[in-house]
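*Asks:* Starting off with a structure, shown below.
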Amino acid sequence: MAVDPLIELRDVNKYFGELHVLQDINLSVGRGEVVVVIGPSGSGKSTLCRAINRLEAIQSGTIVLDGQPLPEEGKALARLRADVGMVFQSFNLFAHKTVLENVSLGQVKVRGRSREDAVKRSRELLERVGVADQASKYPAQLSGGQQQRVAIARALAMSPKVMLFDEPTSALDPEMINEVLEVMRQLANEGMTMIVVTHEMGFARSAANRVVFMADGRIVEDRTPDEFFTDPHSDRARDFLSKIL
Ligand code: ADP
Ligand code: MG
């Protein structure tokens, strides 16, 4: 168990019909910790992320964020979504809004900031992720790597307690992967609590405090990157690593 847990999943179970996609998941993520989640396709990684910001309901168990059980609905749920920043594989920006509006909107609507404060903060964040000069463009006018960095800025704009990344570089052309990983590395160094689903093992080795390996809806291993990569305990993990490394 983490010393100062920000997120705790206890005995979490989730089904899609007959399919038991999350099986007795116990996971604790400490404040400032970076947990990389890896595992074969279909093992439940995305569902785990979606359960944490309640895009998916769970059938049993509890998920606690910063000492509070996840709210079911209403304003509290909107606040939870703002506290849990999420970055998806497909950037999911609002196509008909400029980059600056994409990053500003939620701050005004959900966090209740003035338009002026929101714009100021948005510009600072766009600067931080290296796309300040793109502020007045529309998403389609940006490269994939730039769009994903805008998506990260948009999530950060809400002042989240934790950031979830679900394969943030999987849809990117190879030359753009590093610019996104670099922004994530910087965030990790600044102490952001992060859960990152990725196949980028270089990132896992260098930025993660822990690697969680999932297979068939279960957490099979939960160890330091060093331990995991040099001596995976399970056949499933050994098999997985032999295919991707
Ligand atoms: P991963 O992200 O590790 O590839 P997912 O969490 O996306 O895995 O999916 C886990 C399992 O749940 C897969 O078998 C997938 O087909 C199934 N699944 C995911 N979403 C749904 C859904 N909305 N309805 C039914 N089955 C789903
Ligand atoms: Mg997935």
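Ordering of the structure tokens sets the chain letters (A, B, ...), residue numbers begin anew at 1 in every chain, and ligands are numbered from 1 in the order given.
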If we count only C-alpha atoms, what is near segment 104-112 of chain A at a cut-off of 7 Å, once residues fewer than 6 positions away on the same chain are taken out, given as an MDAnalysis selection string?

*Replies:* chainID A and resid 118:119 122 157:158

*Asks:* Could you pull the residues within 12 Å of Phe203 of chain A, counting only C-alpha atoms, minus those fewer than 6 positions along the same chain, as a list of chain:residue names?

*Replies:* A:Val34, A:Val35, A:Val36, A:Val37, A:Ile38, A:Glu167, A:Pro168, A:Thr169, A:Ile177, A:Asn178, A:Val180, A:Leu181, A:Glu182, A:Val183, A:Met184, A:Arg185, A:Gln186, A:Ala188, A:Val196, A:Val197, A:Asn209, A:Arg210, A:Val211, A:Pro225

*Asks:* Create the file for the chosen residues now, containing C-alpha atoms and written as a tab-separated table (two decimals), in the first residue's frame.

*Replies:*
chain	number	residue	atom	x	y	z
A	34	VAL	CA	3.83	7.54	-11.36
A	35	VAL	CA	2.30	4.13	-12.08
A	36	VAL	CA	2.66	2.66	-15.56
A	37	VAL	CA	0.06	0.06	-16.52
A	38	ILE	CA	0.98	-2.42	-19.21
A	167	GLU	CA	-2.05	5.05	-24.58
A	168	PRO	CA	-1.40	8.73	-25.27
A	169	THR	CA	1.19	8.07	-27.99
A	177	ILE	CA	6.02	10.28	-29.74
A	178	ASN	CA	8.98	11.79	-27.92
A	180	VAL	CA	4.57	13.98	-25.94
A	181	LEU	CA	6.56	11.67	-23.66
A	182	GLU	CA	8.85	14.59	-22.83
A	183	VAL	CA	5.89	16.66	-21.59
A	184	MET	CA	4.75	13.68	-19.50
A	185	ARG	CA	8.24	13.18	-18.08
A	186	GLN	CA	8.36	16.83	-17.08
A	188	ALA	CA	6.21	13.44	-13.47
A	196	VAL	CA	-0.09	5.87	-17.55
A	197	VAL	CA	-1.19	3.06	-19.84
A	209	ASN	CA	7.82	4.40	-9.73
A	210	ARG	CA	5.86	1.19	-10.28
A	211	VAL	CA	4.83	-1.02	-13.15
A	225	PRO	CA	10.33	-1.07	-13.15

*Asks:* Counting only C-alpha atoms, what is within 8 Å of segment 73-83 of chain A, bar same-chain residues fewer than 2 positions away, as a list in words?

*Replies:*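 Neighbouring residues, sequence-local ones excluded: Asn53, Arg54, Leu70, Pro71, Gly85, Val110, Arg111, Ala155, Met158, Ser159, Pro160, Lys161 and Val162 of chain A.
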
*Asks:* May I have the residues from that selection written out with C-alpha atoms, as a PDB file, in the first residue's frame?

*Replies:*
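Written file, selection.pdb:
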ATOM      1  CA  ASN A  53     -13.072   8.834 -13.469  1.00  0.00           C
ATOM      2  CA  ARG A  54     -16.386   7.064 -13.521  1.00  0.00           C
ATOM      3  CA  LEU A  70     -16.286   8.428  -6.132  1.00  0.00           C
ATOM      4  CA  PRO A  71     -19.571  10.338  -6.469  1.00  0.00           C
ATOM      5  CA  GLY A  85      -7.481  14.616 -15.817  1.00  0.00           C
ATOM      6  CA  VAL A 110     -16.577  23.605 -14.200  1.00  0.00           C
ATOM      7  CA  ARG A 111     -14.010  25.436 -12.073  1.00  0.00           C
ATOM      8  CA  ALA A 155      -6.563  18.381 -18.665  1.00  0.00           C
ATOM      9  CA  MET A 158      -8.559  21.983 -14.533  1.00  0.00           C
ATOM     10  CA  SER A 159      -5.919  21.655 -11.787  1.00  0.00           C
ATOM     11  CA  PRO A 160      -6.393  17.895 -11.494  1.00  0.00           C
ATOM     12  CA  LYS A 161      -5.209  15.859  -8.518  1.00  0.00           C
ATOM     13  CA  VAL A 162      -4.204  13.009 -10.792  1.00  0.00           C
TER      14      VAL A 162
END

*Asks:* Any residue with an atom at most 9 Å from ligand 2 counts, using only C-alpha atoms and all ligand atoms. Which are they? Put them as a list in words.

*Replies:*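 Counting only C-alpha atoms and all ligand atoms, the residues within 9 Å of ligand 2 come out as Ser41, Gly42, Ser43, Gly44, Lys45, Ser46, Thr47, Cys49, Gln89, Asp166, Glu167 and Val197 of chain A.
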
*Asks:* Include N, CA and C atoms and write out the residues we just selected as a PDB file, in the first residue's frame.

*Replies:*
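The resulting result35.pdb:
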ATOM      1  N   SER A  41      -3.546  -6.415 -25.151  1.00  0.00           N
ATOM      2  CA  SER A  41      -4.803  -5.818 -25.585  1.00  0.00           C
ATOM      3  C   SER A  41      -5.973  -6.621 -25.003  1.00  0.00           C
ATOM      4  N   GLY A  42      -6.969  -5.901 -24.487  1.00  0.00           N
ATOM      5  CA  GLY A  42      -8.143  -6.573 -23.929  1.00  0.00           C
ATOM      6  C   GLY A  42      -7.999  -6.975 -22.475  1.00  0.00           C
ATOM      7  N   SER A  43      -6.877  -6.602 -21.835  1.00  0.00           N
ATOM      8  CA  SER A  43      -6.668  -7.038 -20.453  1.00  0.00           C
ATOM      9  C   SER A  43      -7.407  -6.166 -19.428  1.00  0.00           C
ATOM     10  N   GLY A  44      -7.975  -5.040 -19.873  1.00  0.00           N
ATOM     11  CA  GLY A  44      -8.781  -4.220 -18.959  1.00  0.00           C
ATOM     12  C   GLY A  44      -8.150  -2.890 -18.571  1.00  0.00           C
ATOM     13  N   LYS A  45      -7.070  -2.515 -19.248  1.00  0.00           N
ATOM     14  CA  LYS A  45      -6.350  -1.290 -18.892  1.00  0.00           C
ATOM     15  C   LYS A  45      -7.218  -0.045 -19.081  1.00  0.00           C
ATOM     16  N   SER A  46      -7.874   0.050 -20.229  1.00  0.00           N
ATOM     17  CA  SER A  46      -8.718   1.228 -20.484  1.00  0.00           C
ATOM     18  C   SER A  46      -9.906   1.257 -19.536  1.00  0.00           C
ATOM     19  N   THR A  47     -10.480   0.098 -19.291  1.00  0.00           N
ATOM     20  CA  THR A  47     -11.630   0.026 -18.390  1.00  0.00           C
ATOM     21  C   THR A  47     -11.230   0.482 -16.991  1.00  0.00           C
ATOM     22  N   CYS A  49      -8.894   2.688 -16.236  1.00  0.00           N
ATOM     23  CA  CYS A  49      -8.819   4.163 -16.278  1.00  0.00           C
ATOM     24  C   CYS A  49     -10.215   4.768 -16.258  1.00  0.00           C
ATOM     25  N   GLN A  89      -6.023   8.145 -26.274  1.00  0.00           N
ATOM     26  CA  GLN A  89      -5.247   7.857 -27.478  1.00  0.00           C
ATOM     27  C   GLN A  89      -5.642   8.806 -28.616  1.00  0.00           C
ATOM     28  N   ASP A 166      -4.255   7.202 -21.261  1.00  0.00           N
ATOM     29  CA  ASP A 166      -4.557   5.894 -21.844  1.00  0.00           C
ATOM     30  C   ASP A 166      -3.949   5.805 -23.242  1.00  0.00           C
ATOM     31  N   GLU A 167      -2.797   5.188 -23.323  1.00  0.00           N
ATOM     32  CA  GLU A 167      -2.048   5.051 -24.577  1.00  0.00           C
ATOM     33  C   GLU A 167      -1.954   6.377 -25.343  1.00  0.00           C
ATOM     34  N   VAL A 197      -1.150   4.284 -19.047  1.00  0.00           N
ATOM     35  CA  VAL A 197      -1.193   3.055 -19.835  1.00  0.00           C
ATOM     36  C   VAL A 197      -0.367   3.306 -21.078  1.00  0.00           C
TER      37      VAL A 197
END

*Asks:* Please, what distance in Å, to one decimal, runs between atom 17 (C, counted along the ligand's line) of ligand 1 and atom CA of Val64 of chain A?

*Replies:* 23.5 Å

*Asks:* Go through A:Gln23, A:Asn13, A:Gln141, A:Asn92 and flag the residue nearest Gly217 of chain A, using only C-alpha atoms for the distances.

*Replies:*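 Comparing A:Gln23, A:Asn13, A:Gln141, A:Asn92 against Gly217 of chain A, the winner is A:Gln23.
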
*Asks:* Run DSSP on the backbone and tell me which residues of segment 31-144 of chain A come out as helix (DSSP H, G or I); list them as an MDAnalysis selection string.

*Replies:* chainID A and resid 45:52 74:83 99:109 115:128 132:134 139:141 144

*Asks:* Generate the output file for the selected residues, N, CA and C atoms, as a CSV table (one decimal), in the first residue's frame.

*Replies:*
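Contents of the output file again-v9.csv:
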chain,number,residue,atom,x,y,z
A,45,LYS,N,-7.1,-2.5,-19.2
A,45,LYS,CA,-6.4,-1.3,-18.9
A,45,LYS,C,-7.2,0.0,-19.1
A,46,SER,N,-7.9,0.1,-20.2
A,46,SER,CA,-8.7,1.2,-20.5
A,46,SER,C,-9.9,1.3,-19.5
A,47,THR,N,-10.5,0.1,-19.3
A,47,THR,CA,-11.6,0.0,-18.4
A,47,THR,C,-11.2,0.5,-17.0
A,48,LEU,N,-10.0,0.1,-16.6
A,48,LEU,CA,-9.5,0.5,-15.3
A,48,LEU,C,-9.5,2.1,-15.2
A,49,CYS,N,-8.9,2.7,-16.2
A,49,CYS,CA,-8.8,4.2,-16.3
A,49,CYS,C,-10.2,4.8,-16.3
A,50,ARG,N,-11.1,4.2,-17.1
A,50,ARG,CA,-12.4,4.8,-17.2
A,50,ARG,C,-13.2,4.6,-15.9
A,51,ALA,N,-12.9,3.6,-15.2
A,51,ALA,CA,-13.6,3.4,-13.9
A,51,ALA,C,-13.2,4.4,-12.9
A,52,ILE,N,-11.9,4.8,-13.0
A,52,ILE,CA,-11.4,5.8,-12.0
A,52,ILE,C,-12.0,7.2,-12.2
A,74,GLY,N,-24.3,14.1,-10.7
A,74,GLY,CA,-24.5,15.5,-10.4
A,74,GLY,C,-23.2,16.3,-10.4
A,75,LYS,N,-23.3,17.4,-9.6
A,75,LYS,CA,-22.2,18.4,-9.6
A,75,LYS,C,-20.9,17.7,-9.0
A,76,ALA,N,-21.1,16.8,-8.1
A,76,ALA,CA,-19.9,16.2,-7.5
A,76,ALA,C,-19.2,15.3,-8.5
A,77,LEU,N,-19.9,14.7,-9.4
A,77,LEU,CA,-19.3,13.9,-10.5
A,77,LEU,C,-18.6,14.8,-11.4
A,78,ALA,N,-19.1,16.0,-11.8
A,78,ALA,CA,-18.4,16.9,-12.7
A,78,ALA,C,-17.1,17.4,-12.0
A,79,ARG,N,-17.1,17.6,-10.7
A,79,ARG,CA,-15.9,18.0,-10.0
A,79,ARG,C,-14.9,16.9,-10.0
A,80,LEU,N,-15.4,15.6,-9.8
A,80,LEU,CA,-14.5,14.5,-9.8
A,80,LEU,C,-13.8,14.4,-11.2
A,81,ARG,N,-14.5,14.6,-12.3
A,81,ARG,CA,-14.0,14.5,-13.6
A,81,ARG,C,-12.9,15.6,-13.8
A,82,ALA,N,-13.1,16.7,-13.1
A,82,ALA,CA,-12.1,17.8,-13.2
A,82,ALA,C,-10.9,17.4,-12.4
A,83,ASP,N,-11.1,16.7,-11.3
A,83,ASP,CA,-10.0,16.3,-10.4
A,83,ASP,C,-9.1,15.2,-11.0
A,99,VAL,N,-7.6,26.2,-30.2
A,99,VAL,CA,-6.8,25.6,-29.2
A,99,VAL,C,-7.0,26.3,-27.8
A,100,LEU,N,-6.9,27.6,-27.9
A,100,LEU,CA,-7.1,28.4,-26.7
A,100,LEU,C,-8.5,28.2,-26.0
A,101,GLU,N,-9.5,28.1,-26.8
A,101,GLU,CA,-10.8,27.8,-26.3
A,101,GLU,C,-10.9,26.4,-25.7
A,102,ASN,N,-10.3,25.4,-26.4
A,102,ASN,CA,-10.3,24.1,-25.9
A,102,ASN,C,-9.7,24.0,-24.4
A,103,VAL,N,-8.7,24.8,-24.2
A,103,VAL,CA,-8.0,24.7,-22.9
A,103,VAL,C,-8.7,25.6,-21.9
A,104,SER,N,-9.5,26.6,-22.3
A,104,SER,CA,-10.1,27.6,-21.4
A,104,SER,C,-11.5,27.2,-20.9
A,105,LEU,N,-12.3,26.6,-21.8
A,105,LEU,CA,-13.7,26.4,-21.6
A,105,LEU,C,-14.0,25.7,-20.2
A,106,GLY,N,-13.4,24.6,-20.0
A,106,GLY,CA,-13.7,23.8,-18.8
A,106,GLY,C,-13.4,24.6,-17.5
A,107,GLN,N,-12.4,25.4,-17.6
A,107,GLN,CA,-12.0,26.2,-16.4
A,107,GLN,C,-13.1,27.2,-16.0
A,108,VAL,N,-13.8,27.7,-17.0
A,108,VAL,CA,-14.9,28.7,-16.7
A,108,VAL,C,-16.1,27.9,-16.3
A,109,LYS,N,-16.5,26.8,-17.1
A,109,LYS,CA,-17.7,26.1,-16.8
A,109,LYS,C,-17.7,25.3,-15.5
A,115,ARG,N,-13.2,34.4,-17.2
A,115,ARG,CA,-12.7,34.2,-18.5
A,115,ARG,C,-11.2,34.6,-18.6
A,116,GLU,N,-11.0,35.8,-18.0
A,116,GLU,CA,-9.6,36.4,-18.0
A,116,GLU,C,-8.6,35.4,-17.3
A,117,ASP,N,-8.9,34.9,-16.2
A,117,ASP,CA,-8.0,34.0,-15.5
A,117,ASP,C,-7.8,32.8,-16.3
A,118,ALA,N,-8.9,32.2,-16.9
A,118,ALA,CA,-8.8,31.0,-17.6
A,118,ALA,C,-7.9,31.2,-18.8
A,119,VAL,N,-8.0,32.3,-19.5
A,119,VAL,CA,-7.2,32.5,-20.7
A,119,VAL,C,-5.7,32.7,-20.3
A,120,LYS,N,-5.5,33.4,-19.2
A,120,LYS,CA,-4.1,33.5,-18.7
A,120,LYS,C,-3.5,32.2,-18.4
A,121,ARG,N,-4.2,31.4,-17.6
A,121,ARG,CA,-3.7,30.1,-17.3
A,121,ARG,C,-3.5,29.2,-18.5
A,122,SER,N,-4.5,29.3,-19.5
A,122,SER,CA,-4.4,28.5,-20.7
A,122,SER,C,-3.1,28.8,-21.5
A,123,ARG,N,-2.8,30.1,-21.6
A,123,ARG,CA,-1.6,30.5,-22.3
A,123,ARG,C,-0.3,30.0,-21.6
A,124,GLU,N,-0.3,30.1,-20.3
A,124,GLU,CA,0.8,29.5,-19.5
A,124,GLU,C,1.0,28.1,-19.8
A,125,LEU,N,-0.1,27.3,-19.8
A,125,LEU,CA,0.0,25.9,-20.0
A,125,LEU,C,0.4,25.5,-21.5
A,126,LEU,N,-0.1,26.3,-22.4
A,126,LEU,CA,0.2,26.1,-23.8
A,126,LEU,C,1.7,26.3,-24.0
A,127,GLU,N,2.2,27.3,-23.3
A,127,GLU,CA,3.6,27.6,-23.3
A,127,GLU,C,4.4,26.4,-22.8
A,128,ARG,N,3.9,25.9,-21.6
A,128,ARG,CA,4.6,24.8,-21.0
A,128,ARG,C,4.7,23.5,-21.8
A,132,ALA,N,2.4,27.3,-27.6
A,132,ALA,CA,1.9,28.6,-27.4
A,132,ALA,C,1.5,29.3,-28.7
A,133,ASP,N,2.4,29.1,-29.7
A,133,ASP,CA,2.2,29.7,-31.0
A,133,ASP,C,1.0,29.2,-31.8
A,134,GLN,N,0.3,28.1,-31.3
A,134,GLN,CA,-0.8,27.5,-32.0
A,134,GLN,C,-2.1,27.9,-31.4
A,139,PRO,N,-7.9,22.5,-34.0
A,139,PRO,CA,-7.2,21.2,-33.8
A,139,PRO,C,-6.7,20.6,-35.1
A,140,ALA,N,-7.6,20.6,-36.2
A,140,ALA,CA,-7.2,19.9,-37.4
A,140,ALA,C,-6.0,20.6,-38.1
A,141,GLN,N,-5.7,21.8,-37.7
A,141,GLN,CA,-4.5,22.5,-38.3
A,141,GLN,C,-3.2,22.1,-37.6
A,144,GLY,N,-0.5,15.6,-35.0
A,144,GLY,CA,-1.0,14.8,-33.9
A,144,GLY,C,-0.3,15.0,-32.6

*Asks:* Residues of segment 3-160 of chain A classed as strand (DSSP E or B) by DSSP on the backbone are to be reported as number ranges by chain.

*Replies:* A: 5-16, 19-30, 34-38, 60-65, 68-69, 84-87

*Asks:* Write the residues of the preceding selection, restricted to C-alpha atoms, as a compact mmCIF listing (two decimals), in the first residue's frame.

*Replies:*
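Produced file part33.txt, reproduced below:
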# COMPACT_ATOMS: atom_id res chain seq x y z
CA PRO A 5 -2.63 7.15 -1.05
CA LEU A 6 -4.35 9.55 -3.42
CA ILE A 7 -6.23 6.78 -5.20
CA GLU A 8 -7.28 3.46 -3.77
CA LEU A 9 -9.16 0.68 -5.51
CA ARG A 10 -10.37 -2.05 -3.20
CA ASP A 11 -11.74 -5.34 -4.51
CA VAL A 12 -13.04 -3.68 -7.65
CA ASN A 13 -15.07 -5.84 -10.02
CA LYS A 14 -16.52 -4.83 -13.34
CA TYR A 15 -18.49 -6.85 -15.88
CA PHE A 16 -19.59 -6.19 -19.43
CA LEU A 19 -17.33 -10.70 -19.39
CA HIS A 20 -15.51 -10.14 -16.10
CA VAL A 21 -13.22 -7.28 -17.22
CA LEU A 22 -11.89 -6.14 -13.84
CA GLN A 23 -11.38 -8.94 -11.35
CA ASP A 24 -10.73 -8.13 -7.70
CA ILE A 25 -8.55 -5.16 -8.49
CA ASN A 26 -6.61 -3.75 -5.55
CA LEU A 27 -4.44 -0.79 -6.39
CA SER A 28 -3.15 2.08 -4.35
CA VAL A 29 -1.44 5.09 -5.90
CA GLY A 30 0.42 7.47 -3.64
CA VAL A 34 3.83 7.54 -11.36
CA VAL A 35 2.30 4.13 -12.08
CA VAL A 36 2.66 2.66 -15.56
CA VAL A 37 0.06 0.06 -16.52
CA ILE A 38 0.98 -2.42 -19.21
CA SER A 60 -18.58 -4.10 -6.65
CA GLY A 61 -15.72 -2.74 -4.60
CA THR A 62 -14.75 0.82 -3.83
CA ILE A 63 -12.69 3.51 -5.47
CA VAL A 64 -11.50 6.31 -3.22
CA LEU A 65 -9.94 9.53 -4.48
CA GLN A 68 -13.57 10.42 -0.80
CA PRO A 69 -15.51 7.61 -2.51
CA VAL A 84 -9.04 13.35 -12.59
CA GLY A 85 -7.48 14.62 -15.82
CA MET A 86 -7.75 12.15 -18.66
CA VAL A 87 -5.78 11.99 -21.88

*Asks:* Under the rule that only C-alpha atoms and all ligand atoms are counted, which of A:Ala135, A:Ile244, A:Leu55, A:Leu172 is the nearest residue to ligand 1?

*Replies:*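 Among the listed residues, the smallest separation from ligand 1 belongs to A:Leu55.
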
*Asks:* Could you jot down the atom 10 (C, counted along the ligand's line) of ligand 1 to atom CA of Asp173 of chain A separation for me, Å, one decimal place?

*Replies:*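 Separation of atom 10 (C, counted along the ligand's line) of ligand 1 and atom CA of Asp173 of chain A: 24.9 Å.
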